[in-house]
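Notes follow the structure.
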Amino acid sequence: MKRRRQCPAIPAALVGSQGWRCQRLVDHDGPHKASYSDRSTMHYSWEGDATSIFGYQTLPGTVRFRSPLWTPQRRYRAGEWTMSLLIALVLGWCWSLSAAAVFLVLELFTSIRRAHFVDVGRFTAGVYLVRRDNYPAFFAIGFARYRPEADAKRSGLQVVVGRLSLIVCALLPRGEWADYQHRKAEREALRKDGAR
(Lines give C-alpha, C1' and ligand atoms only; values in the text may rest on other atoms or scores of the structure.)
Protein backbone atom coordinates (compact mmCIF):
# COMPACT_ATOMS: atom_id res chain seq x y z
CA MET A 1 0.00 0.00 0.00
CA LYS A 2 1.35 3.42 -0.95
CA ARG A 3 2.11 5.66 2.01
CA ARG A 4 0.14 8.92 1.79
CA ARG A 5 1.62 12.11 3.14
CA GLN A 6 1.82 15.83 2.46
CA CYS A 7 3.77 16.84 -0.59
CA PRO A 8 6.94 18.61 0.65
CA ALA A 9 7.26 20.88 -2.41
CA ILE A 10 8.05 24.55 -1.70
CA PRO A 11 8.49 27.18 -4.44
CA ALA A 12 12.17 28.02 -4.97
CA ALA A 13 11.48 31.72 -4.46
CA LEU A 14 10.23 31.06 -0.92
CA VAL A 15 12.72 28.56 0.45
CA GLY A 16 12.76 30.35 3.80
CA SER A 17 8.98 30.08 4.22
CA GLN A 18 8.17 26.83 6.03
CA GLY A 19 4.47 27.77 6.12
CA TRP A 20 4.09 27.07 2.42
CA ARG A 21 3.98 23.28 2.37
CA CYS A 22 1.95 21.88 -0.50
CA GLN A 23 -1.42 20.66 0.73
CA ARG A 24 -1.91 17.87 -1.83
CA LEU A 25 -0.78 14.26 -1.62
CA VAL A 26 2.47 12.98 -3.10
CA ASP A 27 2.60 12.09 -6.80
CA HIS A 28 -0.22 14.45 -7.67
CA ASP A 29 -0.78 16.00 -11.08
CA GLY A 30 -0.97 19.72 -11.70
CA PRO A 31 0.26 22.70 -9.69
CA HIS A 32 1.11 22.65 -6.00
CA LYS A 33 -1.32 24.52 -3.75
CA ALA A 34 -0.86 25.83 -0.21
CA SER A 35 -2.41 28.25 2.27
CA TYR A 36 -1.27 29.45 5.68
CA SER A 37 -4.28 28.02 7.52
CA ASP A 38 -7.63 26.40 6.86
CA ARG A 39 -9.30 29.76 7.56
CA SER A 40 -7.27 31.67 5.01
CA THR A 41 -9.20 33.62 2.36
CA MET A 42 -6.60 32.93 -0.34
CA HIS A 43 -4.06 30.32 -1.33
CA TYR A 44 -0.88 30.05 -3.42
CA SER A 45 -0.48 27.94 -6.52
CA TRP A 46 2.80 27.17 -8.32
CA GLU A 47 4.30 24.64 -10.69
CA GLY A 48 6.90 22.19 -9.38
CA ASP A 49 9.77 23.89 -11.23
CA ALA A 50 8.96 27.50 -10.22
CA THR A 51 12.27 29.36 -9.96
CA SER A 52 11.39 33.05 -9.89
CA ILE A 53 9.72 35.14 -7.23
CA PHE A 54 6.84 35.59 -9.69
CA GLY A 55 6.47 31.85 -10.32
CA TYR A 56 3.31 31.48 -8.20
CA GLN A 57 -0.23 32.78 -8.32
CA THR A 58 -2.38 34.06 -5.46
CA LEU A 59 -5.88 32.63 -5.83
CA PRO A 60 -9.06 33.01 -3.75
CA GLY A 61 -10.19 30.21 -1.47
CA THR A 62 -8.57 27.89 1.04
CA VAL A 63 -6.68 24.67 0.41
CA ARG A 64 -7.08 21.99 3.06
CA PHE A 65 -4.93 18.89 3.40
CA ARG A 66 -7.16 15.87 3.80
CA SER A 67 -5.42 13.21 5.84
CA PRO A 68 -5.93 9.56 4.93
CA LEU A 69 -8.69 7.61 6.67
CA TRP A 70 -6.43 5.41 8.82
CA THR A 71 -3.89 7.71 10.42
CA PRO A 72 -1.98 6.29 13.44
CA GLN A 73 -4.06 8.47 15.76
CA ARG A 74 -7.35 7.16 14.32
CA ARG A 75 -6.11 3.57 14.54
CA TYR A 76 -5.25 4.16 18.22
CA ARG A 77 -8.69 5.69 18.93
CA ALA A 78 -10.43 2.81 17.11
CA GLY A 79 -8.45 0.34 19.26
CA GLU A 80 -9.44 2.26 22.41
CA TRP A 81 -13.13 2.16 21.49
CA THR A 82 -12.95 -1.54 20.55
CA MET A 83 -11.53 -2.34 24.00
CA SER A 84 -14.17 -0.14 25.67
CA LEU A 85 -16.99 -1.91 23.82
CA LEU A 86 -15.56 -5.32 24.76
CA ILE A 87 -15.38 -4.28 28.44
CA ALA A 88 -18.96 -2.96 28.24
CA LEU A 89 -20.14 -6.25 26.73
CA VAL A 90 -18.45 -8.19 29.55
CA LEU A 91 -20.03 -5.86 32.14
CA GLY A 92 -23.45 -6.28 30.52
CA TRP A 93 -23.04 -10.06 30.44
CA CYS A 94 -21.69 -10.43 34.00
CA TRP A 95 -23.66 -7.75 35.87
CA SER A 96 -26.26 -5.63 34.09
CA LEU A 97 -26.90 -3.46 31.05
CA SER A 98 -27.02 -0.37 33.27
CA ALA A 99 -23.44 -1.05 34.45
CA ALA A 100 -22.35 -1.32 30.81
CA ALA A 101 -24.19 1.93 29.92
CA VAL A 102 -22.64 3.81 32.87
CA PHE A 103 -19.18 2.55 31.85
CA LEU A 104 -19.67 3.71 28.23
CA VAL A 105 -20.92 7.15 29.31
CA LEU A 106 -17.95 7.61 31.66
CA GLU A 107 -15.59 6.41 28.90
CA LEU A 108 -17.10 8.93 26.48
CA PHE A 109 -16.65 11.80 28.96
CA THR A 110 -13.07 10.87 29.82
CA SER A 111 -12.09 10.64 26.14
CA ILE A 112 -12.93 14.31 25.52
CA ARG A 113 -9.92 16.26 24.22
CA ARG A 114 -11.46 19.71 23.55
CA ALA A 115 -14.43 21.80 24.70
CA HIS A 116 -17.94 21.13 23.39
CA PHE A 117 -20.82 23.53 24.13
CA VAL A 118 -24.46 23.80 23.05
CA ASP A 119 -26.22 27.18 23.38
CA VAL A 120 -30.00 27.39 23.79
CA GLY A 121 -31.08 31.00 24.04
CA ARG A 122 -29.41 32.57 27.04
CA PHE A 123 -28.31 29.18 28.45
CA THR A 124 -25.39 26.95 27.58
CA ALA A 125 -24.37 23.41 28.46
CA GLY A 126 -21.08 21.73 27.73
CA VAL A 127 -17.90 19.99 28.77
CA TYR A 128 -14.31 21.21 28.80
CA LEU A 129 -10.93 20.26 30.26
CA VAL A 130 -9.69 22.11 33.34
CA ARG A 131 -6.21 23.64 32.95
CA ARG A 132 -3.41 21.57 34.48
CA ASP A 133 -2.20 24.47 36.67
CA ASN A 134 -5.72 24.70 38.15
CA TYR A 135 -6.12 20.99 38.73
CA PRO A 136 -9.06 20.33 41.11
CA ALA A 137 -9.87 17.46 43.42
CA PHE A 138 -10.90 14.22 41.70
CA PHE A 139 -14.61 15.01 42.15
CA ALA A 140 -16.25 18.35 42.92
CA ILE A 141 -19.70 19.92 42.63
CA GLY A 142 -20.10 23.67 42.68
CA PHE A 143 -21.77 26.71 41.21
CA ALA A 144 -20.68 28.50 38.07
CA ARG A 145 -20.65 32.28 38.40
CA TYR A 146 -21.09 35.13 35.94
CA ARG A 147 -17.75 36.67 36.88
CA PRO A 148 -14.58 35.45 38.61
CA GLU A 149 -15.21 37.46 41.80
CA ALA A 150 -16.30 35.46 44.86
CA ASP A 151 -19.40 37.64 45.41
CA ALA A 152 -20.64 37.32 41.78
CA LYS A 153 -24.11 35.88 41.21
CA ARG A 154 -24.50 32.19 40.50
CA SER A 155 -25.23 31.29 36.89
CA GLY A 156 -25.51 27.52 36.99
CA LEU A 157 -24.15 24.19 38.18
CA GLN A 158 -20.71 22.72 37.54
CA VAL A 159 -19.50 19.17 38.15
CA VAL A 160 -15.78 18.36 37.93
CA VAL A 161 -14.56 14.78 37.53
CA GLY A 162 -10.76 14.64 37.24
CA ARG A 163 -9.81 17.20 34.59
CA LEU A 164 -13.26 17.11 32.98
CA SER A 165 -15.75 19.83 33.84
CA LEU A 166 -19.47 19.54 32.99
CA ILE A 167 -21.34 22.83 33.20
CA VAL A 168 -24.91 24.07 32.68
CA CYS A 169 -25.35 27.80 33.15
CA ALA A 170 -26.84 31.05 31.91
CA LEU A 171 -24.59 33.20 29.72
CA LEU A 172 -25.89 36.51 31.14
CA PRO A 173 -28.36 37.58 33.86
CA ARG A 174 -31.94 38.09 32.66
CA GLY A 175 -31.72 41.91 32.66
CA GLU A 176 -28.38 42.01 30.82
CA TRP A 177 -29.61 39.43 28.30
CA ALA A 178 -32.44 41.72 27.15
CA ASP A 179 -29.94 44.59 26.73
CA TYR A 180 -27.53 42.28 24.85
CA GLN A 181 -30.30 41.14 22.48
CA HIS A 182 -31.27 44.78 21.83
CA ARG A 183 -27.66 45.79 21.04
CA LYS A 184 -27.24 42.72 18.82
CA ALA A 185 -30.37 43.65 16.84
CA GLU A 186 -29.05 47.21 16.42
CA ARG A 187 -25.68 45.90 15.13
CA GLU A 188 -27.45 43.60 12.65
CA ALA A 189 -29.59 46.51 11.39
CA LEU A 190 -26.47 48.70 10.96
CA ARG A 191 -24.64 45.88 9.15
CA LYS A 192 -27.57 45.36 6.76
CA ASP A 193 -27.79 49.13 6.07
CA GLY A 194 -24.03 49.27 5.42
CA ALA A 195 -24.23 46.34 2.99
CA ARG A 196 -26.78 48.15 0.80
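How things are named: the first chain in the C-alpha coordinates is A, the next is B, and so on; residues count from 1 in each chain; ligands count from 1 in the order shown.
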With a distance cut-off of 6 Å and only C-alpha atoms, select the neighbouring residues of Leu157 (chain A), excluding the residue or stretch itself and same-chain residues fewer than 6 positions from it, and output the selection as a PDB file with N, CA and C atoms, in the first residue's frame.
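Result file is out.pdb:
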ATOM      1  N   PHE A 143     -20.973  25.792  42.010  1.00  0.00           N
ATOM      2  CA  PHE A 143     -21.767  26.711  41.212  1.00  0.00           C
ATOM      3  C   PHE A 143     -20.876  27.457  40.239  1.00  0.00           C
ATOM      4  N   ALA A 144     -21.345  27.625  39.023  1.00  0.00           N
ATOM      5  CA  ALA A 144     -20.685  28.499  38.065  1.00  0.00           C
ATOM      6  C   ALA A 144     -21.168  29.915  38.345  1.00  0.00           C
ATOM      7  N   ILE A 167     -20.745  21.589  32.711  1.00  0.00           N
ATOM      8  CA  ILE A 167     -21.340  22.827  33.198  1.00  0.00           C
ATOM      9  C   ILE A 167     -22.656  23.102  32.467  1.00  0.00           C
ATOM     10  N   VAL A 168     -23.643  23.584  33.226  1.00  0.00           N
ATOM     11  CA  VAL A 168     -24.913  24.066  32.683  1.00  0.00           C
ATOM     12  C   VAL A 168     -25.150  25.405  33.343  1.00  0.00           C
TER      13      VAL A 168
END
Query raised in the report: Out of region 1-182 of chain A, which residues get helix (DSSP H, G or I) from DSSP, as a count of residues only?
Result: 52
Report summary line: Atom pair CA of Ile141 (chain A) + CA of Gln158 (chain A), distance 5.9 Å
**Report entry** strand (DSSP E or B) residues, from DSSP on the backbone, in region 46-172 of chain A, as a count of residues only
**Finding:** 40
Report task. Considering only C-alpha atoms, return as an MDAnalysis selection string whatever protein or nucleic-acid residues lie within 9 Å of region 109-113 of chain A, sequence-local ones (same chain, fewer than 2 positions apart) excluded. Result -> chainID A and resid 104:107 115:116 127:129 161:164
Report task. Between CA of Leu166 (chain A) and CA of Ala125 (chain A), measure the distance and give it in Å to one decimal. Result ->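 The value is 7.7 Å.
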Query - Of the listed residues A:Arg77, A:Arg64, A:Arg174, A:Arg131, that which approaches His43 (chain A) most closely, counting only C-alpha atoms - result: A:Arg64
